[in-house]
Amino acid sequence: MAWSKVERGDGIFSSQMKSFSSSDAETWWYLPYDQLNLDLLPTQESIGIILIESEKQAKRRPYHKQKLCYILSNMRHFALETQRKGIPVVYVSTNQQYDESLLKLAQEFGTIHMLRAAERELRLTLASLIEGGTIVERPHPGWLTPQSWFTETVGREPPFRMDRFYRRVRKEKGWLMEGDAPVGGKFSHDADNRQPWKGEHQPPNAPEYSIDEIDEEVIAFVNERFAEHPGEARLDHLPTSDDDHRKALEFLSDILTLFGPYEDAMTKESRGLFHSRLASSVNIHRVLPQEVIDVVVNADVPLNSQEGYLRQMIWREYVKHVHDVTDGFRTLEVYDKHAREPNFLEQNNPLPAAYWGAKTGLNCLDEVVSSVMDEGWTHHIPRLMILSNFASLLDINPRQLTTWFHEAFIDAYDWVVEPNVLGMGTYSLGSAMMTKPYVSGTPYINKMSDYCKNCKFNPKKDCKVSNLYWAFLERHKESFNGNIRMAMPLRSLAKRSDEKKAEDVLAYQDILAALSDGREYLGNQLRLTH
């Protein structure tokens, strides 16, 4: 039997796919959507590649249309690029789940090989095929560090802290090291990387990519099959071909010099500032992590920028290990007693429509959500200090927030989004990953961004974000007893007058009510109209 064509129709992509039979390769490899790189595979074997588009999987959640476009177009471009190298490719587009299609393929192709899936969700989907021998699972060489480095320095039980792992990786790899000592005399240059951006050092424009016929076909397909999904189907700002991803990697050199000092800054003038936007390429392995490391450690740029970016790459490894050793946090005793989900502070308000684009009147939140709806992306500080911060201050259920991140962000997969949102963005894991919650009031947002300038609320007069902060501390103060990192804010809370605490509660209630109803928050006017 010959395989190649996409099962539905004879489109441009399908017409370019050649037919191959099972005898055209010694071993057949199934490559999931996030393993799109031949350098991950053994070179000594005669191999064939199996790629599967699963509409059933794509409809498992209301994924942002751009996320669907990105994955599908990258898979199709990778299939054609692989085929041009003389490697047979079987490409299946189906309404079935991955395990159903692979079981059918195995009847003709025999044993199918694959690298260990990064996503826990996919491992569970394929578990029975692996256990039964239909699929032979091999180690995934795309990761930079073995799990043993993590367990030997951090352990398998919380509290999980990155520092010892980070130092171990630097020493083992020799990255920015002089013997056993870090270049510059210290491992962390984080103190140098907290500057707000005030318009100096104009950031480069984000890369733009030409739209080819494969992209156009994918966009039309997503608009037809996933019309009800959020966002606009577009690919002009996303790399899909190998040439595109080389261009994306080159952009790293354009931003790296100033990445460090401004990595925490936020501005409406440039959504990316000096961030590389490479996570989406790296997380599907179109760009290998080691390629990124090579650029960073060999760059002639300030040390704080090198170390800051290197830290981001090692953090990526760290959260993957945390997710794996805890089975996606299912081994931790920080669960909501009813839902069996991580929820240390028992926060259960539903995610408001504001996160899908309903305007709130709070410019910082509206600006960041607009970025997500427009591009399926923001850099890590808006994710942490705006999106996650507001969710924490409003007691939004952490699993609902995590699911939203998974659906809305192009670079989000369970192994990365769950540790970053459940463990860091919210305090749903308690102190398992973080020593304190990442929450802030108005001063931080006003200092590190220019969002307050165009907001109808004045940061020094009537902005209520700080009221949300104090109300959050008041509601959860018992949970922070004994936490040394929270001692100072709790002492300040104790000195806060009853009148101010009452104002805090009203601000919390009013903002939560407005956002829950999908309305803009009107400030003091809100109470006058009710």
# chains A, B, ... in the order shown; residues from 1 in each chain; ligands from 1
call {"tool": "residues_around", "arguments": {"residues": "stretch 48-57 of chain A", "least_positions_apart": "4", "cutoff": "10 Å", "atoms": "only C-alpha atoms", "output": "ChimeraX atom specification"}}
result
/A:3-4,6,20-33,36,38,61,71-72,75-76,78-79,82-83,86-98,101-102,105,112-114,122,225-226
call {"tool": "residues_around", "arguments": {"residues": "A:Gln312", "least_positions_apart": "2", "cutoff": "12 Å", "atoms": "only C-alpha atoms", "output": "tab-separated table (two decimals) with N, CA and C atoms, in the first residue's frame"}}
result
chain	number	residue	atom	x	y	z
A	162	MET	N	15.93	26.58	41.82
A	162	MET	CA	16.73	26.46	40.60
A	162	MET	C	18.23	26.62	40.81
A	166	TYR	N	21.11	25.30	38.32
A	166	TYR	CA	21.69	26.27	37.39
A	166	TYR	C	23.21	26.24	37.45
A	188	SER	N	25.06	35.01	38.90
A	188	SER	CA	23.85	35.75	38.55
A	188	SER	C	24.14	37.23	38.36
A	190	ASP	N	21.39	39.14	37.64
A	190	ASP	CA	19.99	39.55	37.60
A	190	ASP	C	19.80	40.98	38.10
A	259	PHE	N	19.27	42.80	25.58
A	259	PHE	CA	18.29	41.92	26.22
A	259	PHE	C	18.36	42.02	27.74
A	260	GLY	N	19.55	41.94	28.28
A	260	GLY	CA	19.72	41.89	29.73
A	260	GLY	C	19.09	43.04	30.49
A	263	GLU	N	15.16	43.19	30.05
A	263	GLU	CA	14.36	41.98	29.93
A	263	GLU	C	13.09	42.02	30.77
A	275	HIS	N	13.39	41.11	23.26
A	275	HIS	CA	13.18	39.66	23.42
A	275	HIS	C	13.24	39.00	22.05
A	276	SER	N	13.73	37.76	22.02
A	276	SER	CA	14.04	37.11	20.74
A	276	SER	C	12.83	36.47	20.07
A	278	LEU	N	11.97	33.48	20.30
A	278	LEU	CA	12.41	32.17	19.80
A	278	LEU	C	11.74	30.98	20.46
A	279	ALA	N	11.01	31.19	21.54
A	279	ALA	CA	10.46	30.05	22.28
A	279	ALA	C	9.59	29.16	21.41
A	289	PRO	N	17.75	23.80	20.95
A	289	PRO	CA	18.24	24.59	22.08
A	289	PRO	C	19.74	24.84	22.03
A	292	VAL	N	20.74	27.81	19.99
A	292	VAL	CA	20.54	29.08	20.70
A	292	VAL	C	21.69	29.32	21.67
A	293	ILE	N	22.05	28.29	22.41
A	293	ILE	CA	23.16	28.41	23.37
A	293	ILE	C	24.44	28.83	22.65
A	296	VAL	N	24.47	32.48	21.97
A	296	VAL	CA	24.56	33.30	23.19
A	296	VAL	C	25.98	33.29	23.77
A	305	SER	N	23.75	40.44	29.68
A	305	SER	CA	22.82	39.98	28.65
A	305	SER	C	23.05	38.51	28.32
A	306	GLN	N	24.30	38.12	28.22
A	306	GLN	CA	24.62	36.70	27.99
A	306	GLN	C	24.06	35.84	29.11
A	307	GLU	N	24.41	36.21	30.33
A	307	GLU	CA	23.98	35.39	31.48
A	307	GLU	C	22.47	35.39	31.63
A	308	GLY	N	21.84	36.54	31.38
A	308	GLY	CA	20.39	36.62	31.50
A	308	GLY	C	19.68	35.71	30.51
A	309	TYR	N	20.18	35.68	29.28
A	309	TYR	CA	19.54	34.82	28.28
A	309	TYR	C	19.85	33.35	28.56
A	310	LEU	N	21.09	33.07	28.94
A	310	LEU	CA	21.45	31.70	29.29
A	310	LEU	C	20.58	31.19	30.43
A	314	ILE	N	18.28	27.73	30.64
A	314	ILE	CA	18.41	26.71	31.69
A	314	ILE	C	17.13	26.61	32.50
A	315	TRP	N	16.43	27.72	32.68
A	315	TRP	CA	15.11	27.67	33.32
A	315	TRP	C	14.17	26.74	32.55
A	316	ARG	N	14.24	26.80	31.22
A	316	ARG	CA	13.42	25.92	30.38
A	316	ARG	C	13.68	24.45	30.71
A	317	GLU	N	14.95	24.09	30.87
A	317	GLU	CA	15.29	22.72	31.25
A	317	GLU	C	14.77	22.40	32.66
A	318	TYR	N	14.94	23.35	33.54
A	318	TYR	CA	14.54	23.18	34.94
A	318	TYR	C	13.05	22.88	35.07
A	319	VAL	N	12.21	23.66	34.40
A	319	VAL	CA	10.76	23.44	34.56
A	319	VAL	C	10.35	22.11	33.93
A	379	HIS	N	6.02	38.71	25.95
A	379	HIS	CA	7.22	38.17	26.59
A	379	HIS	C	6.92	37.83	28.05
A	380	HIS	N	7.92	37.33	28.77
A	380	HIS	CA	7.64	36.65	30.03
A	380	HIS	C	7.19	37.58	31.15
call {"tool": "select_by_dssp", "arguments": {"residues": "stretch 463-493 of chain A", "states": "helix (DSSP H, G or I)", "output": "list in words"}}
result
Val465, Ser466, Asn467, Leu468, Tyr469, Trp470, Ala471, Phe472, Leu473, Glu474, Arg475, His476, Lys477, Glu478, Ser479, Phe480, Ile484, Arg485, Met486, Ala487, Met488, Pro489, Leu490, Arg491, Ser492 and Leu493 of chain A
call {"tool": "residues_around", "arguments": {"residues": "A:Asn349", "least_positions_apart": "5", "cutoff": "7 Å", "atoms": "only C-alpha atoms", "output": "list in words"}}
result
Asp395, Ile396 and Asn397 of chain A
call {"tool": "closest_residue", "arguments": {"among": "A:Leu288, A:Leu238, A:Leu362, A:Leu493", "to": "A:Thr442", "atoms": "only C-alpha atoms"}}
result
A:Leu362
call {"tool": "residues_around", "arguments": {"residues": "A:Lys456", "least_positions_apart": "5", "cutoff": "10 Å", "atoms": "only C-alpha atoms", "output": "PDB file with N, CA and C atoms, in the first residue's frame"}}
result
ATOM      1  N   GLY A 361     -10.943  48.520  30.927  1.00  0.00           N
ATOM      2  CA  GLY A 361     -10.678  49.881  31.370  1.00  0.00           C
ATOM      3  C   GLY A 361      -9.379  50.005  32.137  1.00  0.00           C
ATOM      4  N   LEU A 362      -8.726  48.891  32.413  1.00  0.00           N
ATOM      5  CA  LEU A 362      -7.414  48.862  33.069  1.00  0.00           C
ATOM      6  C   LEU A 362      -6.388  48.699  31.954  1.00  0.00           C
ATOM      7  N   ASN A 363      -5.710  49.764  31.619  1.00  0.00           N
ATOM      8  CA  ASN A 363      -4.919  49.792  30.386  1.00  0.00           C
ATOM      9  C   ASN A 363      -3.827  48.733  30.355  1.00  0.00           C
ATOM     10  N   ASP A 462      -5.933  57.353  41.651  1.00  0.00           N
ATOM     11  CA  ASP A 462      -7.142  56.539  41.740  1.00  0.00           C
ATOM     12  C   ASP A 462      -7.015  55.145  41.131  1.00  0.00           C
ATOM     13  N   CYS A 463      -5.779  54.713  40.787  1.00  0.00           N
ATOM     14  CA  CYS A 463      -5.613  53.333  40.329  1.00  0.00           C
ATOM     15  C   CYS A 463      -5.828  52.381  41.502  1.00  0.00           C
ATOM     16  N   LEU A 522     -15.318  51.001  36.011  1.00  0.00           N
ATOM     17  CA  LEU A 522     -15.508  52.447  35.931  1.00  0.00           C
ATOM     18  C   LEU A 522     -14.972  53.195  37.135  1.00  0.00           C
ATOM     19  N   GLY A 523     -14.326  52.510  38.036  1.00  0.00           N
ATOM     20  CA  GLY A 523     -13.823  53.179  39.232  1.00  0.00           C
ATOM     21  C   GLY A 523     -14.957  53.544  40.164  1.00  0.00           C
TER      22      GLY A 523
END
call {"tool": "closest_residue", "arguments": {"among": "A:Val282, A:Gln44, A:Trp175, A:Ser128", "to": "A:Asn298", "atoms": "only C-alpha atoms"}}
result
A:Trp175
